[in-house]
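Since the structure comes first, as structure tokens, the remarks are kept for the end.
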Amino acid sequence: MAEIRLFGTPDFRHIKAVREAGFHSGNFYMAVMDGTALWDPAVLDVITGDFPPRLLPETNLYLALVECIANAALHGNAEALGLFARKRSGVLLISFFQTPPMAGIVVEVLRLARSGALPDYTCDLPGGLGFPILLRLAEKITISHDRTRLQLWFRIAPEKNAVGFLTWLLGKRRNHAAAARSV
Amino acid sequence: MAFKFRREGNELAVYVSGALTFHQHAEGEQLVYQITTLVDQGEVNSVRLNFAEVTRMDSHWLGVLIRVLRRVREKNAGFVIEKPAVNIKKLFEMVELNRIAEIRT
């Protein structure tokens with residue numbers, strides 16, 4: 001399982017909550033951001049760079065991440081946000097855990113976006129374009145009943161990406177081993 | 001991100017560069033204010049946004065563009081977005097922005 005990458009200085013209880021919420025032996029990426037890190041654009045570049053290449057087009061990955069982080073920072077008043085990613089056969093799951101939970105309106109905004117209709121641009125945009133964009137990028141989006149988790153499922157081509165993913169994973173393990181030896 | 005204004009007669013050309021994401025929330029508000037002030041005062045009757053140097057964009061900035069567009073249209077002024085990169089153009093197509101705005105590649 002991957003180590004948790006910390007952005008900013010998240011509180012210990014937040015790290016613990018995120019770890020408990022997102023624990024899964026199949027996670028290849030885990031991160032926790034504090035409220036300040038959510039507003040740091042460099043964090044997005046680091047996370048995008050940390051992901052194995054070719055799982056998703058880089059621009060789609062960046063767009064999905066920025067929309068979810070914006071949701072937590074702008075509309076969720078998140079104090080901390082956890083990010084987990086795991087892959088199984090042809091599916092990539094990117095999961096966010098936030099504390100405190102998302103506002104209740106988010107569920108309604110997602111329901112509206114699922115109807116498939118884009119907002120009427122001639123009037124104020126109810127809920128904006130974040131979820132309509134995410135629904136065009138991801139196969140499925142869900143929000144947990146307690147509104148702490150936002151999960152995005154992406155379809156990926158397993159045959160095409162398996163070799164690239166394994167090469168990335170082995171390289172990462174080698175780097176960790178080399179770093180451990182050098183300490 | 002950064003933006004530069006250039007007046008060409010009654011046309012306002014705005015050269016935008018860098019990443020346009022929610023992190024640049026304040027700059028978005030400033031851009032809306034500066035453009036709409038000029039349009040409201042009748043100093044320009046056409047706005048051209050040059051996106052050649054824009055690298056990233058999110059839904060927050062789509063909202064910024066739509067707000068500018070609505071204000072410009074209310075004053076019967078023109079509005080064009082030009083030279084978006086492939087990824088930005090794809091985003092515009094995703095949300096069907098071309099239904100309401102002229103996008104020149």
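Note on naming: chains are A, B, ... as they come in the structure tokens, residues start from 1 per chain, ligands start from 1 in the order shown.
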Chain A contacts on chain B, only C-alpha atoms, 9 Å, as a short mmCIF file (atom, residue, chain, number, x, y, z; two decimals) with N, CA and C atoms, in the first residue's frame:
```cif
data_model
loop_
_atom_site.label_atom_id
_atom_site.label_comp_id
_atom_site.auth_asym_id
_atom_site.auth_seq_id
_atom_site.Cartn_x
_atom_site.Cartn_y
_atom_site.Cartn_z
N ALA B 19 -2.38 29.55 -15.96
CA ALA B 19 -3.44 28.63 -15.53
C ALA B 19 -4.60 29.42 -14.95
N THR B 21 -7.55 28.80 -12.86
CA THR B 21 -8.28 27.88 -11.97
C THR B 21 -8.84 28.67 -10.79
N PHE B 22 -9.58 27.97 -9.95
CA PHE B 22 -10.23 28.65 -8.82
C PHE B 22 -9.23 29.33 -7.91
N HIS B 23 -7.95 28.88 -7.98
CA HIS B 23 -6.91 29.50 -7.15
C HIS B 23 -6.76 30.98 -7.50
N GLN B 24 -7.04 31.32 -8.76
CA GLN B 24 -6.95 32.71 -9.22
C GLN B 24 -8.33 33.38 -9.17
N ARG B 56 -4.21 26.06 -18.60
CA ARG B 56 -5.20 25.24 -17.88
C ARG B 56 -6.43 26.10 -17.62
N MET B 57 -7.54 25.41 -17.43
CA MET B 57 -8.75 26.16 -17.10
C MET B 57 -9.73 25.23 -16.39
N ASP B 58 -10.52 25.78 -15.48
CA ASP B 58 -11.52 24.96 -14.79
C ASP B 58 -12.90 25.61 -14.87
N SER B 59 -13.86 24.99 -14.22
CA SER B 59 -15.24 25.47 -14.32
C SER B 59 -15.42 26.85 -13.69
N HIS B 60 -14.59 27.15 -12.70
CA HIS B 60 -14.69 28.47 -12.06
C HIS B 60 -14.45 29.56 -13.10
N LEU B 62 -14.70 29.18 -16.35
CA LEU B 62 -15.79 29.16 -17.35
C LEU B 62 -16.90 30.08 -16.86
N GLY B 63 -17.16 30.03 -15.56
CA GLY B 63 -18.16 30.91 -14.97
C GLY B 63 -17.77 32.38 -15.12
N ILE B 66 -18.46 33.36 -18.69
CA ILE B 66 -19.90 33.48 -18.95
C ILE B 66 -20.45 34.78 -18.35
N ARG B 67 -19.93 35.16 -17.19
CA ARG B 67 -20.37 36.44 -16.59
C ARG B 67 -19.97 37.62 -17.46
N ARG B 70 -22.18 37.64 -20.62
CA ARG B 70 -23.55 38.13 -20.38
C ARG B 70 -23.58 39.64 -20.27
N ASN B 87 -6.50 21.58 -25.36
CA ASN B 87 -7.20 21.12 -24.15
C ASN B 87 -8.28 22.11 -23.70
N LEU B 91 -12.42 21.64 -23.57
CA LEU B 91 -13.26 22.00 -22.42
C LEU B 91 -14.45 22.85 -22.88
N MET B 94 -16.89 20.62 -24.41
CA MET B 94 -17.53 19.78 -23.40
C MET B 94 -18.76 20.46 -22.80
N VAL B 95 -18.65 21.77 -22.58
CA VAL B 95 -19.76 22.50 -21.95
C VAL B 95 -20.55 23.31 -22.99
N GLU B 96 -20.24 23.03 -24.26
CA GLU B 96 -20.97 23.67 -25.38
C GLU B 96 -20.95 25.18 -25.28
N LEU B 97 -19.80 25.72 -24.93
CA LEU B 97 -19.68 27.18 -24.85
C LEU B 97 -19.84 27.83 -26.22
N ILE B 100 -22.95 29.80 -27.33
CA ILE B 100 -23.24 31.18 -26.97
C ILE B 100 -22.09 32.15 -27.24
#
```
> Quick one: DSSP strand (DSSP E or B) residues in range 27-97 of chain B, as number ranges by chain?
Replying inline: B: 46-57, 78-82
> Which residues come within 8 Å of range 2-13 of chain A, counting only C-alpha atoms, excluding same-chain residues fewer than 6 positions away, as a count of residues only?
Replying inline: 13
> Out of range 39-105 of chain B, which residues get helix (DSSP H, G or I) from DSSP, as a ChimeraX atom specification?
Replying inline: /B:39-40,59-74,86-94,97-99
Using only C-alpha atoms, please write the residues we just selected to a file, as a PDB file, in the first residue's frame.
```pdb
ATOM      1  CA  VAL B  39     -18.210  48.110 -21.706  1.00  0.00           C
ATOM      2  CA  ASP B  40     -20.705  49.773 -19.336  1.00  0.00           C
ATOM      3  CA  SER B  59     -15.242  25.466 -14.322  1.00  0.00           C
ATOM      4  CA  HIS B  60     -14.688  28.467 -12.063  1.00  0.00           C
ATOM      5  CA  TRP B  61     -13.118  30.372 -14.939  1.00  0.00           C
ATOM      6  CA  LEU B  62     -15.786  29.157 -17.347  1.00  0.00           C
ATOM      7  CA  GLY B  63     -18.158  30.915 -14.967  1.00  0.00           C
ATOM      8  CA  VAL B  64     -16.002  34.041 -15.152  1.00  0.00           C
ATOM      9  CA  LEU B  65     -16.134  33.974 -18.962  1.00  0.00           C
ATOM     10  CA  ILE B  66     -19.897  33.478 -18.952  1.00  0.00           C
ATOM     11  CA  ARG B  67     -20.369  36.440 -16.588  1.00  0.00           C
ATOM     12  CA  VAL B  68     -18.274  38.665 -18.864  1.00  0.00           C
ATOM     13  CA  LEU B  69     -20.142  37.397 -21.916  1.00  0.00           C
ATOM     14  CA  ARG B  70     -23.553  38.126 -20.384  1.00  0.00           C
ATOM     15  CA  ARG B  71     -22.577  41.663 -19.385  1.00  0.00           C
ATOM     16  CA  VAL B  72     -21.066  42.346 -22.821  1.00  0.00           C
ATOM     17  CA  ARG B  73     -24.159  41.012 -24.588  1.00  0.00           C
ATOM     18  CA  GLU B  74     -26.444  43.151 -22.414  1.00  0.00           C
ATOM     19  CA  VAL B  86      -6.404  22.035 -27.778  1.00  0.00           C
ATOM     20  CA  ASN B  87      -7.200  21.120 -24.147  1.00  0.00           C
ATOM     21  CA  ILE B  88      -9.005  24.423 -23.534  1.00  0.00           C
ATOM     22  CA  LYS B  89     -10.963  24.066 -26.786  1.00  0.00           C
ATOM     23  CA  LYS B  90     -11.958  20.567 -25.696  1.00  0.00           C
ATOM     24  CA  LEU B  91     -13.262  21.997 -22.419  1.00  0.00           C
ATOM     25  CA  PHE B  92     -15.290  24.636 -24.302  1.00  0.00           C
ATOM     26  CA  GLU B  93     -16.787  21.890 -26.466  1.00  0.00           C
ATOM     27  CA  MET B  94     -17.526  19.776 -23.402  1.00  0.00           C
ATOM     28  CA  LEU B  97     -19.678  27.182 -24.846  1.00  0.00           C
ATOM     29  CA  ASN B  98     -19.644  27.595 -28.615  1.00  0.00           C
ATOM     30  CA  ARG B  99     -23.473  27.715 -28.447  1.00  0.00           C
TER      31      ARG B  99
END
```
> So which residues touch Leu12 in chain B within 9 Å, counting only C-alpha atoms, skipping near sequence neighbours fewer than 5 positions away, as an NGL selection string?
Replying inline: :B and (5-7 or 35 or 38 or 44-49)
Could the residues in this selection be written to a file with C-alpha atoms, as an mmCIF file, in the first residue's frame?
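And here's out_20.cif as it stands now:
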```cif
data_model
loop_
_atom_site.group_PDB
_atom_site.id
_atom_site.type_symbol
_atom_site.label_atom_id
_atom_site.label_comp_id
_atom_site.auth_asym_id
_atom_site.auth_seq_id
_atom_site.Cartn_x
_atom_site.Cartn_y
_atom_site.Cartn_z
ATOM 1 C CA PHE B 5 -5.258 44.944 -21.984
ATOM 2 C CA ARG B 6 -4.857 46.550 -25.355
ATOM 3 C CA ARG B 7 -7.316 49.056 -26.826
ATOM 4 C CA ILE B 35 -13.946 44.541 -18.775
ATOM 5 C CA LEU B 38 -15.177 49.640 -19.995
ATOM 6 C CA VAL B 44 -15.568 49.628 -26.168
ATOM 7 C CA ASN B 45 -18.147 47.795 -28.270
ATOM 8 C CA SER B 46 -16.221 44.604 -28.807
ATOM 9 C CA VAL B 47 -14.177 42.366 -26.522
ATOM 10 C CA ARG B 48 -11.627 39.867 -27.789
ATOM 11 C CA LEU B 49 -10.020 37.459 -25.347
#
```
>> Which residues are close to Gly116 in chain A, i.e. within 9 Å by only C-alpha atoms, leaving aside same-chain residues fewer than 3 positions away? Reply as a list of chain:residue names.
In response: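 Returned residues: A:Leu112, A:Ala113, A:Pro132, A:Leu135.
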Output file for the residues above (N, CA and C atoms, as a CSV table (one decimal), in the first residue's frame):
```csv
chain,number,residue,atom,x,y,z
A,112,LEU,N,-28.8,17.3,-10.3
A,112,LEU,CA,-29.1,18.1,-11.5
A,112,LEU,C,-28.2,17.8,-12.6
A,113,ALA,N,-26.9,17.7,-12.3
A,113,ALA,CA,-25.9,17.4,-13.3
A,113,ALA,C,-26.1,16.1,-14.0
A,132,PRO,N,-21.2,18.9,-14.1
A,132,PRO,CA,-21.4,18.6,-15.5
A,132,PRO,C,-20.1,18.2,-16.2
A,135,LEU,N,-18.9,14.8,-14.8
A,135,LEU,CA,-19.7,13.7,-15.4
A,135,LEU,C,-19.3,13.3,-16.8
```
>> Would you compute the distance between CA of Gly104 in chain A and CA of Leu20 in chain B? Give it in Å to one decimal.
In response: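 Interatomic distance here is 27.5 Å.
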> Please, what distance in Å, to one decimal, runs between CA of Ile103 in chain B and CA of Gly18 in chain B?
Replying inline: 18.7 Å
> B:Gln41, B:Glu53, B:Gln30, B:Thr36: which is nearest Ser17 in chain B, counting only C-alpha atoms?
Replying inline: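 Selected residue with least distance to Ser17 in chain B: B:Glu53.
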